[in-house]
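Data block for protein-v2.cif (mmCIF, C-alpha atoms and all ligand atoms):
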```
data_model
#
loop_
_atom_site.label_atom_id
_atom_site.label_comp_id
_atom_site.auth_asym_id
_atom_site.auth_seq_id
_atom_site.Cartn_x
_atom_site.Cartn_y
_atom_site.Cartn_z
CA MET O 1 79.32 149.17 113.81
CA ALA O 2 79.70 145.40 114.16
CA LEU O 3 82.82 143.91 112.61
CA MET O 4 82.19 142.01 109.40
CA LYS O 5 83.11 138.34 109.61
CA THR O 6 85.66 137.78 106.84
CA THR O 7 86.67 134.15 107.40
CA THR O 8 84.73 131.36 105.73
CA PRO O 9 84.84 127.79 106.91
CA LEU O 10 87.40 125.77 104.94
CA PHE O 11 85.12 122.77 104.63
CA GLU O 12 81.53 122.45 103.52
CA LYS O 13 79.96 119.26 104.85
CA SER O 14 77.16 117.23 103.29
CA SER O 15 74.45 115.42 105.19
CA ILE O 16 75.16 111.83 106.18
CA ALA O 17 73.51 109.27 103.89
CA ASN O 18 73.34 105.48 103.65
CA LEU O 19 75.70 103.71 101.26
CA PRO O 20 74.86 100.02 100.96
CA SER O 21 77.74 98.21 99.24
CA LYS O 22 78.80 94.74 98.17
CA TYR O 23 80.93 94.62 101.33
CA GLY O 24 78.27 95.71 103.79
CA HIS O 25 76.39 98.76 104.92
CA PHE O 26 78.28 102.05 105.10
CA LYS O 27 77.39 105.68 105.74
CA ILE O 28 78.84 108.50 103.67
CA ARG O 29 79.55 112.20 104.13
CA VAL O 30 81.32 114.57 101.72
CA TYR O 31 83.75 117.28 102.83
CA LYS O 32 84.20 119.96 100.23
CA GLU O 33 87.53 121.81 100.34
CA GLY O 34 87.70 124.38 97.52
CA ILE O 35 86.95 122.37 94.40
CA GLN O 36 88.01 119.08 96.01
CA GLU O 37 85.32 116.80 97.39
CA HIS O 38 86.71 114.28 99.87
CA LEU O 39 84.66 111.38 101.25
CA ALA O 40 84.24 109.81 104.66
CA ILE O 41 82.85 106.28 104.36
CA PHE O 42 82.12 104.66 107.70
CA THR O 43 80.11 102.10 109.59
CA GLU O 44 77.37 103.17 111.95
CA ASN O 45 78.60 104.28 115.39
CA PHE O 46 82.22 103.38 114.63
CA GLU O 47 83.25 106.40 116.67
CA LEU O 48 81.96 104.70 119.82
CA GLN O 49 84.63 101.98 119.52
CA GLU O 50 87.63 102.28 121.86
CA SER O 51 90.09 102.50 118.94
CA PRO O 52 88.42 102.15 115.55
CA LEU O 53 90.14 101.11 112.31
CA VAL O 54 90.83 104.04 109.99
CA ARG O 55 92.27 104.15 106.47
CA ILE O 56 93.29 107.38 104.77
CA HIS O 57 93.15 106.32 101.13
CA SER O 58 94.69 108.64 98.54
CA GLU O 59 92.70 108.81 95.32
CA CYS O 60 94.05 106.80 92.40
CA LEU O 61 91.49 106.78 89.60
CA THR O 62 93.54 104.47 87.41
CA GLY O 63 93.91 101.89 90.17
CA ASP O 64 90.78 102.37 92.32
CA THR O 65 88.32 102.52 89.40
CA PHE O 66 90.00 101.03 86.36
CA GLY O 67 91.88 98.23 88.09
CA SER O 68 95.40 99.30 87.11
CA ILE O 69 98.03 96.93 88.50
CA LYS O 70 100.81 99.49 88.07
CA CYS O 71 100.28 100.34 91.75
CA ASP O 72 98.77 98.67 94.83
CA CYS O 73 95.88 101.14 95.34
CA ASN O 74 92.95 99.05 94.09
CA ASN O 75 93.81 96.05 96.25
CA GLN O 76 94.48 98.25 99.27
CA LEU O 77 91.18 100.07 98.92
CA HIS O 78 89.10 96.92 98.55
CA LYS O 79 90.94 95.14 101.36
CA ALA O 80 90.22 98.14 103.59
CA LEU O 81 86.53 98.30 102.58
CA LYS O 82 86.12 94.60 103.35
CA LEU O 83 87.88 94.79 106.70
CA ILE O 84 86.08 97.93 107.81
CA ALA O 85 82.70 96.50 106.78
CA GLN O 86 83.46 93.53 109.05
CA GLU O 87 85.08 95.25 112.04
CA GLY O 88 83.63 98.74 111.80
CA GLY O 89 85.65 101.86 111.08
CA LEU O 90 86.26 104.72 108.70
CA ILE O 91 87.80 105.32 105.29
CA ILE O 92 88.77 108.87 104.42
CA TYR O 93 88.89 108.91 100.62
CA HIS O 94 91.40 111.67 100.16
CA ARG O 95 90.96 113.24 96.73
CA GLN O 96 94.50 114.31 95.99
CA GLU O 97 95.15 112.23 92.89
CA GLY O 98 98.72 111.32 92.00
CA ARG O 99 100.12 112.34 95.40
CA ASN O 100 98.43 115.66 94.65
CA ILE O 101 99.87 116.45 91.22
CA GLY O 102 96.50 115.69 89.60
CA LEU O 103 95.53 113.10 87.02
CA LEU O 104 96.90 114.85 83.93
CA ASN O 105 100.33 115.23 85.51
CA LYS O 106 100.25 111.68 86.88
CA ILE O 107 99.72 110.34 83.37
CA ASN O 108 102.58 112.52 82.11
CA ALA O 109 104.65 110.97 84.92
CA TYR O 110 103.52 107.50 83.79
CA CYS O 111 104.72 108.34 80.28
CA LEU O 112 108.16 109.23 81.69
CA GLN O 113 108.04 105.96 83.64
CA ASP O 114 107.36 104.13 80.38
CA GLN O 115 110.69 105.62 79.26
CA GLY O 116 112.54 104.29 82.32
CA ARG O 117 112.19 106.91 85.07
CA ASN O 118 111.02 105.79 88.50
CA THR O 119 108.10 107.38 90.39
CA ILE O 120 110.22 109.98 92.14
CA GLU O 121 112.36 110.89 89.11
CA ALA O 122 109.26 111.37 86.95
CA ASN O 123 107.65 113.76 89.46
CA VAL O 124 110.85 115.77 89.83
CA GLU O 125 111.39 115.97 86.05
CA LEU O 126 107.90 117.48 85.76
CA GLY O 127 108.75 120.09 88.39
CA PHE O 128 106.94 118.54 91.37
CA ALA O 129 108.04 117.23 94.74
CA PRO O 130 107.89 113.41 95.06
CA ASP O 131 104.86 113.75 97.35
CA GLN O 132 102.75 116.93 97.46
CA ARG O 133 99.85 115.73 99.62
CA THR O 134 98.36 117.87 102.37
CA TYR O 135 96.03 116.44 104.99
CA ASP O 136 93.77 119.19 106.37
CA VAL O 137 90.65 117.16 105.68
CA VAL O 138 91.92 114.38 107.93
CA GLY O 139 91.97 116.74 110.91
CA GLU O 140 88.50 117.97 109.98
CA VAL O 141 87.05 114.43 109.90
CA PHE O 142 88.75 113.48 113.16
CA LYS O 143 87.22 116.57 114.79
CA ASP O 144 83.83 115.81 113.31
CA PHE O 145 83.75 112.36 114.92
CA ASN O 146 85.67 113.32 118.09
CA LEU O 147 88.30 110.68 117.42
CA THR O 148 91.13 110.47 119.94
CA LYS O 149 92.46 106.91 119.40
CA ILE O 150 92.57 104.88 116.22
CA ARG O 151 94.17 101.86 114.56
CA LEU O 152 95.62 103.14 111.28
CA LEU O 153 95.64 100.97 108.17
CA THR O 154 98.76 102.03 106.27
CA ASN O 155 102.32 101.14 105.33
CA ASN O 156 103.33 104.80 105.18
CA PRO O 157 105.05 106.28 108.28
CA ALA O 158 104.33 109.80 106.95
CA LYS O 159 100.61 109.15 107.52
CA VAL O 160 101.39 108.10 111.11
CA ASN O 161 103.03 111.50 111.63
CA VAL O 162 100.04 113.24 110.05
CA VAL O 163 97.60 111.57 112.43
CA GLU O 164 99.76 112.21 115.50
CA GLY O 165 100.01 115.84 114.39
CA PHE O 166 96.24 116.08 114.98
CA ASN O 167 96.74 114.76 118.55
CA VAL O 168 95.12 111.45 117.74
CA GLU O 169 96.81 108.42 119.29
CA ILE O 170 97.59 105.45 117.05
CA THR O 171 97.22 102.36 119.21
CA GLU O 172 98.25 100.10 116.32
CA ARG O 173 99.51 100.54 112.76
CA VAL O 174 97.84 97.84 110.70
CA PRO O 175 99.80 97.01 107.51
CA VAL O 176 98.03 96.72 104.12
CA ILE O 177 100.55 94.71 102.15
CA ILE O 178 99.64 93.67 98.61
CA ASP O 179 101.47 90.94 96.66
CA PRO O 180 103.80 92.41 94.04
CA ASN O 181 103.34 91.78 90.31
CA PRO O 182 105.74 92.47 87.41
CA HIS O 183 104.05 95.85 86.74
CA ASN O 184 104.24 97.28 90.26
CA GLU O 185 107.52 95.78 91.50
CA GLY O 186 109.54 98.93 90.72
CA TYR O 187 106.90 101.20 92.23
CA LEU O 188 106.81 99.15 95.44
CA ARG O 189 110.65 99.04 95.59
CA VAL O 190 110.86 102.86 95.38
CA LYS O 191 108.20 103.21 98.11
CA LYS O 192 110.19 100.86 100.37
CA GLU O 193 113.73 102.06 99.62
CA GLN O 194 113.23 105.77 98.96
CA MET O 195 109.92 106.82 100.52
CA GLY O 196 110.24 104.97 103.83
CA HIS O 197 107.19 102.71 103.49
CA ASP O 198 107.15 99.56 105.63
CA LEU O 199 106.84 96.97 102.90
N1 LIG E 201 102.74 111.20 91.08
C1 LIG E 201 102.50 109.90 91.12
N2 LIG E 201 101.53 109.47 91.94
C2 LIG E 201 101.32 108.16 91.99
C3 LIG E 201 102.05 107.24 91.22
N3 LIG E 201 101.58 106.00 91.48
C4 LIG E 201 100.59 106.16 92.40
N4 LIG E 201 100.43 107.45 92.70
C5 LIG E 201 99.51 108.06 93.65
O1 LIG E 201 99.95 107.74 94.94
C6 LIG E 201 98.87 107.82 95.86
C7 LIG E 201 98.97 106.62 96.77
O2 LIG E 201 100.11 106.78 97.51
P1 LIG E 201 101.10 105.63 97.88
O3 LIG E 201 102.46 106.24 98.04
O4 LIG E 201 100.94 104.48 96.90
O5 LIG E 201 100.63 105.05 99.23
P2 LIG E 201 100.26 105.84 100.54
O6 LIG E 201 98.85 106.31 100.38
O7 LIG E 201 101.26 106.92 100.82
O8 LIG E 201 100.45 104.77 101.67
P3 LIG E 201 99.48 103.58 102.13
O9 LIG E 201 98.57 104.16 103.18
O10 LIG E 201 100.39 102.55 102.70
O11 LIG E 201 98.74 103.13 100.92
C8 LIG E 201 97.62 107.89 95.01
O12 LIG E 201 97.17 109.24 95.04
C9 LIG E 201 98.11 107.53 93.61
O13 LIG E 201 97.38 108.19 92.58
C10 LIG E 201 103.06 107.74 90.37
O14 LIG E 201 103.77 107.00 89.70
N5 LIG E 201 103.25 109.07 90.36
ZN ZN E 202 97.42 103.74 92.41
#
```
Transcribe the structure of this file into structure tokens.
Ligand SMILES: Nc1nc2c(ncn2[C@@H]2O[C@H](COP(=O)(O)OP(=O)(O)OP(=O)(O)O)[C@@H](O)[C@H]2O)c(=O)[nH]1
Ligand SMILES: [Zn+2]
Amino acid sequence: MALMKTTTPLFEKSSIANLPSKYGHFKIRVYKEGIQEHLAIFTENFELQESPLVRIHSECLTGDTFGSIKCDCNNQLHKALKLIAQEGGLIIYHRQEGRNIGLLNKINAYCLQDQGRNTIEANVELGFAPDQRTYDVVGEVFKDFNLTKIRLLTNNPAKVNVVEGFNVEITERVPVIIDPNPHNEGYLRVKKEQMGHDL
């Protein structure tokens, strides 16, 4: 009797569709991982470039969609979209909200921050690690497009390690620095001083 196949693929992939935007013309594909639906947004044939620009953007509904200035996410996302529309490249929109504690917990963390805790202290007080993100989908997208060399748009050295862990060479780390404002100064200071970000 033939052996039953018991493993299921971790990711379900959508078709590739057009996504015209105010920045230019993109293509889009969804990667479904359990209940999480991550996005790849990219310009046509970007994978043929010698070392295309890539941003791994962690979901931040409050910033990305509602324009919160408590963090730098909105400005980083739109800067990346603009740049990638011009130069070609890929954005992986990584749907692990709140460094993967989820939106409800992130707002509970914000409430603790309203009472004086910093980003890390608030996460820990709620019983979470400061950063709980996992990056399997990144490896999946890299494999999908046969990427071996990229320029990575990030200030976060942990993301450099993630990419190198998938045997993809980073020929350049391109910073995405956003001007501070009175609401995000503390958040940016913690990222720089306690989370190792190059800011
Ligand atoms: N738990 C928690 N998550 C937050 C907080 N502020 C922002 N985030 C989440 O942090 C993620 C963005 O991570 P950041 O550390 O700002 O930046 P990064 O993605 O590691 O690095 P860059 O590539 O340089 O942007 C998003 O998922 C946000 O929702 C917070 O106060 N608490
Ligand atoms: Zn944010």
Ligand LIG 201 (chain E): which residues are within 8 Å, counting only C-alpha atoms and all ligand atoms, as a ChimeraX atom specification?
/O:55-63,70-73,76,95-103,105-107,109-110,113,118-120,122-123,130-131,153-156,158-159,175-177,187,191,195,197-198
Could you write out that same residue set with C-alpha atoms as a CSV table (one decimal), in the coordinates of the input?
```
chain,number,residue,atom,x,y,z
O,55,ARG,CA,92.3,104.2,106.5
O,56,ILE,CA,93.3,107.4,104.8
O,57,HIS,CA,93.2,106.3,101.1
O,58,SER,CA,94.7,108.6,98.5
O,59,GLU,CA,92.7,108.8,95.3
O,60,CYS,CA,94.0,106.8,92.4
O,61,LEU,CA,91.5,106.8,89.6
O,62,THR,CA,93.5,104.5,87.4
O,63,GLY,CA,93.9,101.9,90.2
O,70,LYS,CA,100.8,99.5,88.1
O,71,CYS,CA,100.3,100.3,91.8
O,72,ASP,CA,98.8,98.7,94.8
O,73,CYS,CA,95.9,101.1,95.3
O,76,GLN,CA,94.5,98.2,99.3
O,95,ARG,CA,91.0,113.2,96.7
O,96,GLN,CA,94.5,114.3,96.0
O,97,GLU,CA,95.2,112.2,92.9
O,98,GLY,CA,98.7,111.3,92.0
O,99,ARG,CA,100.1,112.3,95.4
O,100,ASN,CA,98.4,115.7,94.6
O,101,ILE,CA,99.9,116.4,91.2
O,102,GLY,CA,96.5,115.7,89.6
O,103,LEU,CA,95.5,113.1,87.0
O,105,ASN,CA,100.3,115.2,85.5
O,106,LYS,CA,100.2,111.7,86.9
O,107,ILE,CA,99.7,110.3,83.4
O,109,ALA,CA,104.6,111.0,84.9
O,110,TYR,CA,103.5,107.5,83.8
O,113,GLN,CA,108.0,106.0,83.6
O,118,ASN,CA,111.0,105.8,88.5
O,119,THR,CA,108.1,107.4,90.4
O,120,ILE,CA,110.2,110.0,92.1
O,122,ALA,CA,109.3,111.4,87.0
O,123,ASN,CA,107.6,113.8,89.5
O,130,PRO,CA,107.9,113.4,95.1
O,131,ASP,CA,104.9,113.8,97.4
O,153,LEU,CA,95.6,101.0,108.2
O,154,THR,CA,98.8,102.0,106.3
O,155,ASN,CA,102.3,101.1,105.3
O,156,ASN,CA,103.3,104.8,105.2
O,158,ALA,CA,104.3,109.8,107.0
O,159,LYS,CA,100.6,109.2,107.5
O,175,PRO,CA,99.8,97.0,107.5
O,176,VAL,CA,98.0,96.7,104.1
O,177,ILE,CA,100.6,94.7,102.2
O,187,TYR,CA,106.9,101.2,92.2
O,191,LYS,CA,108.2,103.2,98.1
O,195,MET,CA,109.9,106.8,100.5
O,197,HIS,CA,107.2,102.7,103.5
O,198,ASP,CA,107.2,99.6,105.6
```
Restricting to only C-alpha atoms and all ligand atoms, whichever of O:Leu19, O:Val54, O:Leu77, O:Ala40 is closest to ligand ZN 202 (chain E) is O:Leu77
Residues at most 12 Å from Ile28 of chain O, counting all atoms listed in the file, excluding those fewer than 3 positions away in the same chain, as a PyMOL selection string?
chain O and resi 13-21+25+31+38-44+90-93+141
Counting only C-alpha atoms, which residue out of O:Glu121, O:Gly67, O:Gly196, O:Val168 sits closest to Phe145 of chain O?
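Checking each of O:Glu121, O:Gly67, O:Gly196, O:Val168 against Phe145 of chain O, counting only C-alpha atoms, the winner is O:Val168.
The residue that comes closest to ligand ZN 202 (chain E), out of O:Ile35, O:Ile178, O:Leu48, O:Ile69 and on the basis of only C-alpha atoms and all ligand atoms, is O:Ile69.
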Report the distance between atom CA of Glu140 of chain O and atom CA of Phe128 of chain O in Å, rounded to one decimal place.
26.2 Å
Would you place a box with edges along x, y and z of the file around all atoms of segment 64-79 of chain O listed there, add 3 Å to each of its six sides, and report the centre and edge lengths in Å to one decimal, as JSON?
```
{"center_x": 94.6, "center_y": 98.8, "center_z": 93.9, "size_x": 18.5, "size_y": 13.4, "size_z": 21.0}
```
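Counting only C-alpha atoms and all ligand atoms, the residue from O:Arg151, O:Lys192, O:Lys27, O:His183 that sits nearest to ligand ZN 202 (chain E) is O:His183.
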So, with only C-alpha atoms and all ligand atoms as the atoms that count, which of O:Gly116, O:Asn146, O:Asn184, O:Phe166 lies closest to ligand ZN 202 (chain E)?
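Nearest to ligand ZN 202 (chain E): O:Asn184.
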One number please: atom CA of Val163 of chain O to atom CA of Lys149 of chain O, in Å, one decimal.
9.8 Å
Between O:Gly88, O:Leu188, O:Cys111, O:Ser51, which has the minimum distance to ligand ZN 202 (chain E) (counting all atoms listed in the file)?
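Ranking O:Gly88, O:Leu188, O:Cys111, O:Ser51 by distance to ligand ZN 202 (chain E), first place goes to O:Leu188.
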Between atom CA of Glu164 of chain O and atom CA of Val138 of chain O - distance in Å to one decimal
11.1 Å
Can you pull out every residue within 10 Å of Glu33 of chain O, counting all atoms listed in the file, but drop anything in the same chain fewer than 3 positions away, and send it as a list in words?
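Skipping anything fewer than 3 positions along the chain leaves Pro9, Leu10, Phe11, Glu12, Lys13, Val30, Gln36, Glu37, His38, Arg95, Asp136 and Val137 of chain O.
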Save the residues we just selected, C-alpha atoms, as a compact mmCIF listing (two decimals), keeping the file's coordinate frame?
```txt
# COMPACT_ATOMS: atom_id res chain seq x y z
CA PRO O 9 84.84 127.79 106.91
CA LEU O 10 87.40 125.77 104.94
CA PHE O 11 85.12 122.77 104.63
CA GLU O 12 81.53 122.45 103.52
CA LYS O 13 79.96 119.26 104.85
CA VAL O 30 81.32 114.57 101.72
CA GLN O 36 88.01 119.08 96.01
CA GLU O 37 85.32 116.80 97.39
CA HIS O 38 86.71 114.28 99.87
CA ARG O 95 90.96 113.24 96.73
CA ASP O 136 93.77 119.19 106.37
CA VAL O 137 90.65 117.16 105.68
```
Taking the block just given, write segment 5-37 of chain O to a file that holds N, CA and C atoms, as an mmCIF file, in the first residue's frame.
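Produced file decode10.cif, reproduced below:
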```cif
data_model
loop_
_atom_site.group_PDB
_atom_site.id
_atom_site.type_symbol
_atom_site.label_atom_id
_atom_site.label_comp_id
_atom_site.auth_asym_id
_atom_site.auth_seq_id
_atom_site.Cartn_x
_atom_site.Cartn_y
_atom_site.Cartn_z
ATOM 1 N N LYS O 5 0.555 10.690 2.186
ATOM 2 C CA LYS O 5 1.336 11.916 2.393
ATOM 3 C C LYS O 5 0.679 12.710 3.527
ATOM 4 N N THR O 6 1.445 12.944 4.607
ATOM 5 C CA THR O 6 0.820 13.592 5.763
ATOM 6 C C THR O 6 1.181 15.076 5.886
ATOM 7 N N THR O 7 2.241 15.490 5.168
ATOM 8 C CA THR O 7 2.636 16.904 5.300
ATOM 9 C C THR O 7 1.831 17.767 4.330
ATOM 10 N N THR O 8 1.492 18.957 4.786
ATOM 11 C CA THR O 8 0.804 19.899 3.896
ATOM 12 C C THR O 8 1.724 21.094 3.703
ATOM 13 N N PRO O 9 1.677 21.718 2.561
ATOM 14 C CA PRO O 9 2.556 22.871 2.387
ATOM 15 C C PRO O 9 2.192 23.953 3.403
ATOM 16 N N LEU O 10 3.210 24.650 3.922
ATOM 17 C CA LEU O 10 2.987 25.656 4.952
ATOM 18 C C LEU O 10 2.308 26.897 4.374
ATOM 19 N N PHE O 11 2.567 27.144 3.110
ATOM 20 C CA PHE O 11 2.040 28.363 2.496
ATOM 21 C C PHE O 11 1.127 28.054 1.319
ATOM 22 N N GLU O 12 0.002 28.762 1.298
ATOM 23 C CA GLU O 12 -0.876 28.703 0.129
ATOM 24 C C GLU O 12 -0.656 30.012 -0.632
ATOM 25 N N LYS O 13 -0.417 29.910 -1.933
ATOM 26 C CA LYS O 13 -0.083 31.118 -2.697
ATOM 27 C C LYS O 13 -1.227 31.511 -3.616
ATOM 28 N N SER O 14 -1.487 32.810 -3.706
ATOM 29 C CA SER O 14 -2.509 33.285 -4.646
ATOM 30 C C SER O 14 -1.901 33.389 -6.044
ATOM 31 N N SER O 15 -2.738 33.695 -7.002
ATOM 32 C CA SER O 15 -2.244 34.096 -8.314
ATOM 33 C C SER O 15 -1.540 35.440 -8.164
ATOM 34 N N ILE O 16 -0.894 35.865 -9.233
ATOM 35 C CA ILE O 16 -0.283 37.205 -9.245
ATOM 36 C C ILE O 16 -1.229 38.132 -10.008
ATOM 37 N N ALA O 17 -1.551 39.274 -9.387
ATOM 38 C CA ALA O 17 -2.477 40.221 -10.021
ATOM 39 C C ALA O 17 -1.846 41.613 -10.090
ATOM 40 N N ASN O 18 -2.413 42.454 -10.938
ATOM 41 C CA ASN O 18 -1.941 43.842 -11.041
ATOM 42 C C ASN O 18 -2.438 44.655 -9.861
ATOM 43 N N LEU O 19 -1.609 45.599 -9.416
ATOM 44 C CA LEU O 19 -2.014 46.511 -8.344
ATOM 45 C C LEU O 19 -1.530 47.932 -8.704
ATOM 46 N N PRO O 20 -2.318 48.612 -9.548
ATOM 47 C CA PRO O 20 -1.937 49.997 -9.849
ATOM 48 C C PRO O 20 -2.053 50.830 -8.578
ATOM 49 N N SER O 21 -1.125 51.739 -8.340
ATOM 50 C CA SER O 21 -1.176 52.532 -7.105
ATOM 51 C C SER O 21 -0.805 53.973 -7.405
ATOM 52 N N LYS O 22 -0.980 54.836 -6.405
ATOM 53 C CA LYS O 22 -0.626 56.240 -6.620
ATOM 54 C C LYS O 22 0.874 56.420 -6.809
ATOM 55 N N TYR O 23 1.661 55.388 -6.462
ATOM 56 C CA TYR O 23 3.114 55.496 -6.640
ATOM 57 C C TYR O 23 3.586 54.920 -7.969
ATOM 58 N N GLY O 24 2.781 54.065 -8.563
ATOM 59 C CA GLY O 24 3.204 53.416 -9.795
ATOM 60 C C GLY O 24 2.541 52.054 -9.877
ATOM 61 N N HIS O 25 2.976 51.283 -10.849
ATOM 62 C CA HIS O 25 2.310 50.005 -11.090
ATOM 63 C C HIS O 25 3.024 48.870 -10.368
ATOM 64 N N PHE O 26 2.295 48.188 -9.494
ATOM 65 C CA PHE O 26 2.852 47.029 -8.782
ATOM 66 C C PHE O 26 2.113 45.762 -9.198
ATOM 67 N N LYS O 27 2.699 44.642 -8.821
ATOM 68 C CA LYS O 27 2.034 43.335 -8.870
ATOM 69 C C LYS O 27 1.878 42.862 -7.429
ATOM 70 N N ILE O 28 0.912 41.978 -7.210
ATOM 71 C CA ILE O 28 0.674 41.503 -5.844
ATOM 72 C C ILE O 28 0.416 40.004 -5.812
ATOM 73 N N ARG O 29 0.958 39.360 -4.791
ATOM 74 C CA ARG O 29 0.655 37.939 -4.527
ATOM 75 C C ARG O 29 0.497 37.771 -3.020
ATOM 76 N N VAL O 30 -0.453 36.952 -2.614
ATOM 77 C CA VAL O 30 -0.681 36.683 -1.189
ATOM 78 C C VAL O 30 -0.115 35.309 -0.830
ATOM 79 N N TYR O 31 0.508 35.245 0.335
ATOM 80 C CA TYR O 31 1.027 33.989 0.891
ATOM 81 C C TYR O 31 0.284 33.724 2.184
ATOM 82 N N LYS O 32 -0.501 32.683 2.187
ATOM 83 C CA LYS O 32 -1.305 32.386 3.365
ATOM 84 C C LYS O 32 -0.582 31.361 4.244
ATOM 85 N N GLU O 33 -0.362 31.757 5.491
ATOM 86 C CA GLU O 33 0.349 30.910 6.467
ATOM 87 C C GLU O 33 -0.581 30.745 7.658
ATOM 88 N N GLY O 34 -1.267 29.602 7.765
ATOM 89 C CA GLY O 34 -2.291 29.453 8.802
ATOM 90 C C GLY O 34 -3.390 30.474 8.540
ATOM 91 N N ILE O 35 -3.690 31.298 9.563
ATOM 92 C CA ILE O 35 -4.723 32.315 9.338
ATOM 93 C C ILE O 35 -4.112 33.650 8.896
ATOM 94 N N GLN O 36 -2.767 33.694 8.811
ATOM 95 C CA GLN O 36 -2.130 34.958 8.444
ATOM 96 C C GLN O 36 -1.918 35.057 6.942
ATOM 97 N N GLU O 37 -2.312 36.183 6.377
ATOM 98 C CA GLU O 37 -2.157 36.397 4.932
ATOM 99 C C GLU O 37 -1.141 37.504 4.698
#
```
